[in-house]
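Text of the file upload29.cif, holding mmCIF, C-alpha atoms:
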```cif
data_protein
loop_
_atom_site.label_atom_id
_atom_site.label_comp_id
_atom_site.auth_asym_id
_atom_site.auth_seq_id
_atom_site.Cartn_x
_atom_site.Cartn_y
_atom_site.Cartn_z
CA ALA A 199 0.00 0.00 0.00
CA ARG A 200 1.23 3.49 -0.79
CA PHE A 201 -0.03 6.56 1.04
CA ARG A 202 -1.23 9.24 -1.36
CA CYS A 203 -0.59 12.74 -0.05
CA ARG A 204 -2.45 15.74 -1.42
CA ALA A 205 -2.08 19.51 -1.47
CA THR A 206 -4.66 22.28 -1.22
CA PRO A 207 -5.49 23.35 -4.81
CA LEU A 208 -5.92 27.03 -3.83
CA ARG A 209 -2.32 27.20 -2.70
CA ARG A 210 -0.89 25.16 -5.55
CA THR A 211 1.71 27.21 -7.40
CA ALA A 212 4.51 25.02 -8.75
CA ARG A 213 3.36 21.43 -8.93
CA LEU A 214 5.80 18.59 -8.49
CA SER A 215 4.33 17.19 -11.69
CA ASP A 216 5.69 20.36 -13.36
CA HIS A 217 9.07 19.86 -11.71
CA ALA A 218 9.39 16.23 -12.75
CA ALA A 219 7.23 13.39 -14.06
CA TRP A 220 5.88 12.34 -10.69
CA ASN A 221 2.53 10.66 -10.21
CA THR A 222 2.89 8.82 -6.89
CA ALA A 223 1.84 11.76 -4.73
CA LEU A 224 0.83 15.38 -4.97
CA ALA A 225 2.65 18.12 -3.12
CA ASP A 226 3.86 21.67 -3.48
CA TRP A 227 7.35 22.30 -4.79
CA ILE A 228 8.41 25.51 -3.04
CA ALA A 229 11.38 27.29 -4.57
CA THR A 230 10.64 31.00 -4.08
CA ASP A 231 10.23 33.29 -1.08
CA ASP A 232 6.63 34.13 -1.97
CA THR A 233 5.49 30.53 -2.31
CA LEU A 234 7.12 29.63 1.00
CA ALA A 235 5.34 32.42 2.85
CA SER A 236 2.04 31.50 1.17
CA PHE A 237 2.39 27.80 1.97
CA LEU A 238 2.99 28.53 5.66
CA ASP A 239 0.01 30.91 5.98
CA ALA A 240 -2.34 28.47 7.69
CA ALA A 241 0.10 26.13 9.43
CA PRO A 242 -1.65 23.94 12.03
CA ALA A 243 -0.71 23.62 15.69
CA SER A 244 1.17 20.40 14.93
CA PHE A 245 3.13 19.73 11.76
CA GLY A 246 5.65 17.25 10.41
CA LEU A 247 9.15 18.11 9.26
CA ASP A 248 12.15 16.33 7.79
CA THR A 249 15.25 17.38 5.88
CA GLU A 250 17.60 16.00 3.28
CA PHE A 251 21.19 17.18 3.42
CA MET A 252 24.63 16.30 2.10
CA ARG A 253 27.78 16.06 4.19
CA ILE A 254 30.44 14.64 1.91
CA ASP A 255 33.02 17.36 1.33
CA THR A 256 32.05 19.91 4.00
CA TYR A 257 32.23 20.23 7.78
CA ALA A 258 28.69 21.59 8.07
CA PRO A 259 25.78 19.76 6.46
CA ARG A 260 24.53 21.29 3.21
CA LEU A 261 20.77 21.60 3.47
CA ALA A 262 19.24 20.28 0.25
CA LEU A 263 15.52 19.93 0.99
CA VAL A 264 13.02 20.65 3.76
CA GLN A 265 9.88 18.51 3.79
CA LEU A 266 6.83 19.90 5.56
CA GLY A 267 3.56 18.20 6.36
CA LEU A 268 0.95 20.81 7.26
CA GLY A 269 -2.15 18.71 7.79
CA ALA A 270 -3.18 17.45 4.36
CA ASP A 271 -0.69 19.74 2.59
CA ILE A 272 2.77 18.44 1.76
CA GLY A 273 5.45 20.95 0.80
CA LEU A 274 8.98 20.31 -0.40
CA VAL A 275 11.01 23.46 0.20
CA ASP A 276 14.07 23.98 -1.99
CA PRO A 277 16.83 25.81 -0.06
CA LEU A 278 18.65 26.28 -3.36
CA GLY A 279 15.78 28.47 -4.57
CA VAL A 280 14.34 30.06 -1.43
CA ALA A 281 16.54 32.99 -0.40
CA ASP A 282 14.74 34.03 2.80
CA PRO A 283 13.90 31.25 5.29
CA ALA A 284 12.47 33.75 7.83
CA PRO A 285 8.84 32.52 7.48
CA LEU A 286 9.96 28.97 8.20
CA ALA A 287 12.14 30.14 11.09
CA ARG A 288 9.13 31.91 12.62
CA LEU A 289 7.00 28.78 12.30
CA LEU A 290 9.63 26.51 13.84
CA GLY A 291 10.33 29.00 16.62
CA ASP A 292 6.66 29.26 17.65
CA SER A 293 6.42 27.56 21.05
CA ALA A 294 2.64 27.24 20.62
CA ARG A 295 3.18 24.74 17.80
CA THR A 296 4.62 21.22 17.89
CA CYS A 297 7.17 20.15 15.29
CA VAL A 298 7.01 16.38 14.73
CA MET A 299 10.23 14.76 13.49
CA HIS A 300 11.93 11.38 13.53
CA SER A 301 15.48 11.09 14.90
CA ALA A 302 15.91 14.84 14.68
CA GLY A 303 19.53 15.23 15.82
CA GLU A 304 21.25 15.67 12.44
CA ASP A 305 18.25 17.45 10.94
CA LEU A 306 18.53 20.10 13.66
CA GLN A 307 22.15 20.69 12.66
CA ALA A 308 21.14 21.03 9.01
CA LEU A 309 18.32 23.46 9.85
CA ALA A 310 20.73 25.56 11.92
CA THR A 311 22.72 26.30 8.75
CA TRP A 312 19.54 27.98 7.48
CA SER A 313 19.11 29.98 10.72
CA CYS A 314 16.18 27.84 11.80
CA SER A 315 15.69 26.38 15.28
CA ILE A 316 12.73 24.56 16.79
CA ALA A 317 10.91 25.66 19.93
CA HIS A 318 8.79 22.58 20.65
CA LEU A 319 9.77 19.12 19.35
CA PHE A 320 8.07 15.73 19.36
CA ASP A 321 10.63 13.16 18.21
CA THR A 322 8.91 9.96 17.10
CA GLN A 323 12.05 7.82 17.56
CA ILE A 324 12.39 8.88 21.19
CA ALA A 325 8.63 8.49 21.64
CA ALA A 326 8.79 4.93 20.27
CA SER A 327 11.25 4.03 23.03
CA PHE A 328 8.91 5.34 25.72
CA ALA A 329 5.96 3.68 23.99
CA GLY A 330 7.52 0.23 24.42
CA LEU A 331 8.39 -0.30 20.75
CA GLY A 332 12.17 -0.45 21.21
CA ALA A 333 15.13 1.92 21.14
CA GLY A 334 16.61 3.45 18.00
CA LEU A 335 13.75 2.37 15.73
CA GLY A 336 14.15 3.59 12.16
CA TYR A 337 11.42 5.57 10.42
CA GLN A 338 10.57 2.84 7.89
CA LYS A 339 10.19 0.19 10.59
CA LEU A 340 8.15 2.48 12.80
CA VAL A 341 5.79 3.40 9.95
CA GLN A 342 5.34 -0.26 9.08
CA ALA A 343 4.72 -1.19 12.72
CA LEU A 344 2.06 1.47 13.30
CA THR A 345 0.47 1.90 9.87
CA GLY A 346 1.29 -1.25 7.91
CA VAL A 347 2.78 0.85 5.10
CA GLU A 348 6.10 -0.31 3.62
CA LEU A 349 8.17 2.68 2.57
CA PRO A 350 10.81 2.83 -0.18
CA LYS A 351 14.41 2.82 1.01
CA GLY A 352 16.43 3.24 -2.16
CA GLN A 353 17.04 7.00 -2.07
CA THR A 354 18.75 7.27 1.32
CA ARG A 355 22.20 7.93 -0.17
CA SER A 356 21.22 9.70 -3.37
CA ASP A 357 22.41 13.16 -4.42
CA TRP A 358 19.88 15.56 -2.90
CA LEU A 359 21.61 18.66 -4.27
CA ARG A 360 21.03 17.81 -7.91
CA ARG A 361 18.22 19.50 -9.77
CA PRO A 362 15.74 18.43 -10.91
CA LEU A 363 15.19 15.74 -8.34
CA SER A 364 14.05 12.40 -9.71
CA PRO A 365 10.49 11.10 -9.26
CA ALA A 366 11.86 8.46 -6.87
CA GLN A 367 13.57 11.13 -4.77
CA LEU A 368 10.43 13.27 -4.65
CA ASP A 369 8.36 10.27 -3.63
CA TYR A 370 10.85 9.28 -0.93
CA ALA A 371 11.04 12.85 0.41
CA ALA A 372 7.27 13.27 0.63
CA GLN A 373 6.79 9.90 2.33
CA ASP A 374 9.12 11.06 5.11
CA VAL A 375 6.47 13.49 6.37
CA VAL A 376 3.18 12.01 5.15
CA HIS A 377 2.97 9.57 8.04
CA LEU A 378 4.21 11.80 10.86
CA PRO A 379 0.75 13.03 12.00
CA GLN A 380 -0.47 9.44 12.43
CA LEU A 381 2.73 8.44 14.24
CA HIS A 382 2.46 11.49 16.49
CA ALA A 383 -1.13 10.75 17.50
CA GLU A 384 -0.54 7.05 18.13
CA LEU A 385 2.76 7.44 19.98
CA ALA A 386 1.58 10.36 22.13
CA ALA A 387 -1.40 8.29 23.25
CA ARG A 388 0.72 5.24 24.05
CA VAL A 389 3.34 7.23 25.93
CA ASP A 390 0.64 9.01 27.92
CA ARG A 391 -1.00 5.72 28.88
CA ARG A 392 2.36 4.45 30.13
CA GLY A 393 2.92 7.60 32.17
CA PHE A 394 6.09 8.80 30.42
CA SER A 395 4.91 11.98 28.71
CA ALA A 396 6.94 14.28 30.99
CA TRP A 397 10.10 12.24 30.45
CA LEU A 398 9.56 12.26 26.68
CA ALA A 399 9.14 16.04 26.70
CA GLU A 400 12.33 16.38 28.74
CA ASP A 401 14.34 14.24 26.31
CA CYS A 402 13.01 16.15 23.30
CA GLN A 403 13.98 19.42 24.97
CA ARG A 404 17.42 18.00 25.77
CA LEU A 405 17.86 17.25 22.05
CA LEU A 406 16.95 20.84 21.17
CA ASP A 407 19.30 22.21 23.83
CA ALA A 408 22.16 20.08 22.51
CA ALA A 409 21.58 21.41 19.00
CA ARG A 410 21.67 25.02 20.22
CA ASP A 411 24.82 24.41 22.25
CA SER A 412 26.75 22.63 19.54
CA GLY A 413 30.16 24.05 20.39
CA PRO A 414 33.31 21.95 20.16
CA ASP A 415 34.08 19.33 22.79
CA PRO A 416 36.61 20.99 25.16
CA GLU A 417 38.12 17.60 26.02
CA PRO A 418 38.36 15.74 22.68
CA GLN A 419 41.47 13.83 23.76
CA THR A 420 39.45 11.63 26.12
CA ALA A 421 38.21 9.61 23.13
CA PHE A 422 41.77 8.53 22.25
CA ARG A 423 42.21 5.63 24.68
CA GLY A 424 45.38 4.50 22.93
CA ALA A 425 47.16 7.58 24.28
CA ALA A 426 46.12 7.02 27.91
CA ASP A 427 49.68 6.10 28.94
CA TRP A 428 51.27 9.17 27.31
CA PRO A 429 52.97 11.77 29.54
CA ARG A 430 50.71 14.66 30.48
CA GLU A 431 52.57 17.07 28.19
CA ARG A 432 52.00 14.78 25.20
CA GLN A 433 48.30 14.46 26.05
CA ALA A 434 48.10 18.23 26.28
CA LEU A 435 49.68 18.57 22.85
CA LEU A 436 47.25 16.00 21.47
CA ARG A 437 44.38 18.05 22.91
CA ARG A 438 45.78 21.24 21.37
CA LEU A 439 45.99 19.60 17.93
CA LEU A 440 42.45 18.23 18.18
CA LEU A 441 41.08 21.64 19.19
CA TRP A 442 43.01 23.26 16.34
CA ARG A 443 41.64 20.70 13.88
CA GLU A 444 38.06 21.30 15.05
CA ALA A 445 38.30 25.09 14.85
CA THR A 446 40.05 25.03 11.49
CA ALA A 447 37.70 22.48 9.93
CA ARG A 448 34.78 24.68 10.93
CA ALA A 449 36.47 27.80 9.59
CA ILE A 450 37.27 26.34 6.16
CA ASN A 451 34.14 24.13 6.12
CA ARG A 452 35.92 20.90 5.30
CA PRO A 453 35.64 17.48 6.99
CA ARG A 454 38.04 16.95 9.88
CA PRO A 455 39.77 13.93 8.28
CA TRP A 456 40.44 15.95 5.13
CA LEU A 457 42.38 18.41 7.24
CA LEU A 458 44.08 15.89 9.52
CA ASP A 459 42.87 12.36 10.14
CA ASP A 460 43.15 10.68 13.53
CA ALA A 461 46.23 8.67 12.62
CA HIS A 462 48.12 11.82 11.64
CA VAL A 463 46.99 13.68 14.77
CA LEU A 464 48.32 10.89 16.98
CA ASP A 465 51.55 10.60 15.00
CA LEU A 466 52.30 14.34 15.09
CA ALA A 467 51.50 14.64 18.80
CA ALA A 468 53.69 11.65 19.62
CA ARG A 469 56.59 12.71 17.37
CA PRO A 470 56.43 16.43 16.54
CA PRO A 471 58.26 17.22 13.27
CA ARG A 472 61.58 19.06 13.36
CA ASP A 473 60.64 21.60 10.69
CA ALA A 474 58.18 22.59 7.98
CA HIS A 475 59.73 20.26 5.42
CA GLU A 476 59.26 17.22 7.65
CA LEU A 477 55.69 18.28 8.44
CA THR A 478 54.93 18.53 4.72
CA GLU A 479 56.41 15.09 4.04
CA ARG A 480 54.48 13.46 6.88
CA THR A 481 51.11 15.01 5.99
CA ARG A 482 51.01 14.39 2.25
CA GLY A 483 47.58 13.30 1.09
CA GLN A 484 45.63 15.45 3.58
CA ARG A 485 43.57 17.18 0.91
CA ALA A 486 42.34 20.17 2.94
CA LEU A 487 45.72 20.88 4.54
CA ARG A 488 46.99 23.77 2.45
CA SER A 489 50.04 25.92 3.09
CA ALA A 490 48.18 28.37 5.36
CA GLN A 491 46.81 25.57 7.52
CA ARG A 492 50.17 23.77 7.50
CA ASN A 493 51.83 26.90 8.87
CA GLN A 494 49.22 27.14 11.63
CA LEU A 495 49.70 23.48 12.43
CA LEU A 496 53.45 23.90 12.68
CA ASP A 497 52.93 26.78 15.11
CA ALA A 498 50.62 24.60 17.18
CA LEU A 499 53.27 21.88 17.28
CA LYS A 500 56.20 24.17 18.08
CA THR A 501 54.72 26.74 20.50
CA PRO A 502 55.43 25.77 24.14
CA LEU A 503 52.41 24.67 26.15
CA ARG A 504 50.91 27.27 28.45
CA ASP A 505 50.21 26.47 32.09
CA ASP A 506 46.45 26.56 31.51
CA GLU A 507 46.79 23.99 28.73
CA LEU A 508 48.10 21.50 31.27
CA GLU A 509 44.81 21.71 33.17
CA PHE A 510 42.60 19.13 31.48
CA HIS A 511 41.03 15.72 31.99
CA ALA A 512 43.61 12.99 31.49
CA ILE A 513 42.69 10.32 28.97
CA PRO A 514 41.05 7.49 30.90
CA PRO A 515 42.75 4.12 30.48
CA ALA A 516 40.87 1.10 29.24
CA PRO A 517 38.91 -0.53 32.08
CA ASP A 518 40.91 -3.09 34.05
CA ALA A 519 39.45 -6.19 35.68
CA ARG A 520 38.21 -4.28 38.72
CA ASP A 521 36.68 -1.54 36.56
CA LYS A 522 34.87 -4.14 34.48
CA GLN A 523 33.35 -5.60 37.63
CA VAL A 524 32.10 -2.18 38.69
CA ILE A 525 30.67 -1.48 35.25
CA ALA A 526 28.96 -4.89 35.24
CA ALA A 527 27.37 -4.09 38.61
CA MET A 528 26.25 -0.69 37.29
CA LYS A 529 24.74 -2.32 34.21
CA GLN A 530 22.77 -4.65 36.48
CA VAL A 531 21.32 -1.63 38.28
CA VAL A 532 20.35 -0.04 34.96
CA ALA A 533 18.87 -3.30 33.67
CA ALA A 534 16.80 -3.77 36.82
CA ARG A 535 15.39 -0.25 36.68
CA ALA A 536 14.67 -0.63 32.95
CA ALA A 537 12.83 -3.89 33.57
CA GLU A 538 10.75 -2.31 36.34
CA LEU A 539 9.70 0.46 33.96
CA ASP A 540 9.45 -1.71 30.82
CA LEU A 541 11.84 0.62 29.00
CA PRO A 542 14.97 -0.14 26.90
CA GLU A 543 18.18 -0.17 28.95
CA GLY A 544 19.87 2.08 26.43
CA LEU A 545 17.21 4.72 26.94
CA LEU A 546 18.09 4.92 30.63
CA CYS A 547 21.88 4.85 30.39
CA SER A 548 24.51 3.73 27.88
CA ARG A 549 27.72 1.90 28.73
CA ARG A 550 29.87 4.86 27.71
CA HIS A 551 28.14 7.01 30.32
CA LEU A 552 28.87 4.37 32.95
CA GLU A 553 32.51 4.29 31.87
CA ARG A 554 32.73 8.08 32.07
CA LEU A 555 31.14 8.09 35.52
CA LEU A 556 33.65 5.50 36.70
CA ALA A 557 36.63 7.29 35.10
CA THR A 558 35.82 10.78 36.39
CA GLY A 559 33.65 10.20 39.45
CA ARG A 560 31.36 12.98 38.13
CA TRP A 561 27.72 12.51 37.19
CA PRO A 562 27.44 12.85 33.38
CA ALA A 563 25.38 15.78 32.14
CA ALA A 564 23.57 13.42 29.78
CA LEU A 565 22.12 11.62 32.82
CA GLU A 566 20.64 14.69 34.49
CA GLY A 567 16.87 15.10 34.88
CA TRP A 568 14.66 12.07 35.29
CA ARG A 569 17.61 9.68 34.86
CA ARG A 570 19.36 11.21 37.87
CA ASP A 571 16.28 10.65 40.01
CA LEU A 572 16.20 6.99 38.94
CA LEU A 573 19.87 6.03 39.00
CA HIS A 574 22.11 8.48 40.85
CA GLU A 575 21.96 7.06 44.36
CA ARG A 576 22.44 3.44 43.28
CA LEU A 577 25.23 4.08 40.75
CA ILE A 578 27.24 6.47 42.90
CA ALA A 579 27.19 3.87 45.69
CA LEU A 580 29.04 1.45 43.41
CA LEU A 581 31.98 3.77 42.72
CA PRO A 582 35.20 2.60 44.38
CA ASP A 583 36.50 4.74 47.24
#
```
Rewrite the coordinates I just gave you, this time as structure tokens.
Amino acid sequence: ARFRCRATPLRRTARLSDHAAWNTALADWIATDDTLASFLDAAPASFGLDTEFMRIDTYAPRLALVQLGLGADIGLVDPLGVADPAPLARLLGDSARTCVMHSAGEDLQALATWSCSIAHLFDTQIAASFAGLGAGLGYQKLVQALTGVELPKGQTRSDWLRRPLSPAQLDYAAQDVVHLPQLHAELAARVDRRGFSAWLAEDCQRLLDAARDSGPDPEPQTAFRGAADWPRERQALLRRLLLWREATARAINRPRPWLLDDAHVLDLAARPPRDAHELTERTRGQRALRSAQRNQLLDALKTPLRDDELEFHAIPPAPDARDKQVIAAMKQVVAARAAELDLPEGLLCSRRHLERLLATGRWPAALEGWRRDLLHERLIALLPD
């Protein structure tokens, strides 16, 4: 079965059938400022939203399409044609309206590049976890579970920046929002019956907050467990290089590995080059590392560390036998609480958060809110003295 979406004829300006030979669904193709403002005139209190973006040769995602489901009206907004996203930004920023999305994390990043942020989010993937359907459920599986509709999957990795889009792409894009109102209604009811509506709202807000505070990780070195036994000065240099890579990749809008991949970061921090010639020889093949960036990198490698740069979180070593026992005991606590609530363990607390708690002795920010009330006392009690 295929869901046929429709658009309001009075607001129909540039039909998708005019844009490409497309007869699976009807929707508005919105590629001008005027048509965007007109389409959003009568937006309902709850609406569906999805995006398509590309992130192949850039640091930031390149927004390629915004799909909107406003009741019975489906609109595909072309960021390559619309110059002023202000009407959309006003809609998304209206706290009186609910934006329904599925697994919104990366979409929020893509929307931010168009100066759009959401005030009130209902994420159907998070809701599915609270509804008892499982953690991390994909959109296609969730639609099939709740509606019986089997969605196409073939366009996930297609080129969304090409124009015109193919009929298959247009169909795929529209289907991503057609079913959101039904998912929203069904999931909201299930979550409410199970008594988790407040927790769902908190997690959706946490996702929005994370998108707004998307600054660089101040302690990126902690992910490099292989350098845990390095002297503190070497770890500090590794941190400096990682922070430089992050800032520079953002500034030139190129992927981090194009500038300096992890293997090169570790190699340069462990064995700083003697001079510019050696640096050039050892970083050949890094396609975004031009002469200007190479000069900055050499400065970062050669400039003595400041006192404040030696104040950082040391890289935690891999868990030893005792640590593994503590983590196992913590996982049992999480599993027991999850079973009591009939919720996925991963929704309550992931292993990496347990490892961070054990390594630092500090309660992870990701476990604040309702998770702290559930787990803090029991997990803290398991930390070694």
Residues matched by the PyMOL selection byres ((chain A and resi 289-302) around 10), written as number ranges by chain: A: 238-239, 241-249, 266-267, 284-288, 303-308, 314-326, 334-337, 340, 374-375, 378-379, 381-382, 402, 405-406, 409
Between atom CA of A:Glu566 and atom CA of A:Ile513 - distance in Å to one decimal: 23.1 Å
Non-local contacts of A:Arg570 (9 Å; only C-alpha atoms; under 5 positions in same chain excluded) as an NGL selection string: :A and (561 or 565 or 575)
Could you save the residues just selected, with C-alpha atoms, as a PDB file, keeping the file's coordinate frame?
```pdb
ATOM      1  CA  TRP A 561      27.720  12.510  37.190  1.00  0.00           C
ATOM      2  CA  LEU A 565      22.120  11.620  32.820  1.00  0.00           C
ATOM      3  CA  GLU A 575      21.960   7.060  44.360  1.00  0.00           C
TER       4      GLU A 575
END
```
10 Å contact set for A:Arg569, all atoms listed in the file, chain neighbours under 2 positions out, as JSON, numbers by chain: {"A": [397, 545, 546, 547, 564, 565, 566, 567, 571, 572, 573, 574]}
Residues in the PyMOL selection byres ((chain A and resi 423) around 10), expressed as number ranges by chain: A: 419-422, 424-427, 513-516
Closest of A:Arg554, A:Arg472, A:Arg437, A:Arg260 to A:Pro517 - atom-to-atom distances counting all atoms listed in the file: A:Arg554
Report the closest atom pair, with its distance in Å rounded to one decimal, for each residue of stretch 247-267 of chain A that has an atom no farther than 10 Å from stretch 446-455 of chain A; count all atoms listed in the file, sort by chain and then rising residue number, and write it as JSON lines.
```
{"residue": "A:Arg253", "atom": "CA", "partner": "A:Pro453", "partner_atom": "CA", "distance": 8.5}
{"residue": "A:Ile254", "atom": "CA", "partner": "A:Pro453", "partner_atom": "CA", "distance": 7.8}
{"residue": "A:Asp255", "atom": "CA", "partner": "A:Arg452", "partner_atom": "CA", "distance": 6.1}
{"residue": "A:Thr256", "atom": "CA", "partner": "A:Arg452", "partner_atom": "CA", "distance": 4.2}
{"residue": "A:Tyr257", "atom": "CA", "partner": "A:Pro453", "partner_atom": "CA", "distance": 4.5}
{"residue": "A:Ala258", "atom": "CA", "partner": "A:Asn451", "partner_atom": "CA", "distance": 6.3}
{"residue": "A:Pro259", "atom": "CA", "partner": "A:Asn451", "partner_atom": "CA", "distance": 9.4}
```
Saved selection, atoms kept: C-alpha atoms, as a PDB file, keeping the file's coordinate frame:
```pdb
ATOM      1  CA  ARG A 253      27.780  16.060   4.190  1.00  0.00           C
ATOM      2  CA  ILE A 254      30.440  14.640   1.910  1.00  0.00           C
ATOM      3  CA  ASP A 255      33.020  17.360   1.330  1.00  0.00           C
ATOM      4  CA  THR A 256      32.050  19.910   4.000  1.00  0.00           C
ATOM      5  CA  TYR A 257      32.230  20.230   7.780  1.00  0.00           C
ATOM      6  CA  ALA A 258      28.690  21.590   8.070  1.00  0.00           C
ATOM      7  CA  PRO A 259      25.780  19.760   6.460  1.00  0.00           C
TER       8      PRO A 259
END
```
Near-A:Leu274 list (6 Å; only C-alpha atoms; drop same-chain fewer than 3 positions) as a VMD selection string: chain A and resid 227 to 228 264 to 265
Straight-line distance linking atom CA of A:Ile525 with atom CA of A:Pro582, stated in Å to one decimal: 11.0 Å
Gap from atom CA of A:His462 to atom CA of A:Gln484 - Å, one decimal: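 So the answer is 9.2 Å.
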Non-local contacts of A:Leu441 (8 Å; all atoms listed in the file; under 4 positions in same chain excluded) as a list in words: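 Near A:Leu441, the qualifying residues are Pro414, Pro416, Pro418, Arg437 and Ala445 of chain A.
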Output check: residues returned by the PyMOL selection byres ((chain A and resi 439) around 9), as a VMD selection string: chain A and resid 434 to 438 440 to 444 463 466 to 467 495 498 to 499
Who sits within 8 Å of stretch 506-508 of chain A, all atoms listed in the file, same chain under 2 positions skipped, as number ranges by chain: A: 430-431, 434, 438, 503-504, 510
Given all atoms listed in the file as the counted atoms, nearest of A:Ala461, A:Phe328, A:Asp497, A:Arg488 to A:Arg391: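 Looking at the shortest contact to A:Arg391, the residue is A:Phe328.
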Using only C-alpha atoms: which of A:Leu477, A:Ala329, A:Ala396, A:Leu556 has the shortest distance to A:Leu539: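 The closest residue to A:Leu539 is A:Ala329.
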Nearest candidate to A:Asp583 (options A:Asp411, A:Val524, A:Ala519, A:Gly544; using only C-alpha atoms):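 Closest to A:Asp583, using only C-alpha atoms: A:Val524.
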Which of A:Asp282, A:Asp407, A:Asp505, A:Asp459 sits closest to A:Leu487 [using all atoms listed in the file]: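 The shortest atom-to-atom distance to A:Leu487 comes from A:Asp459.
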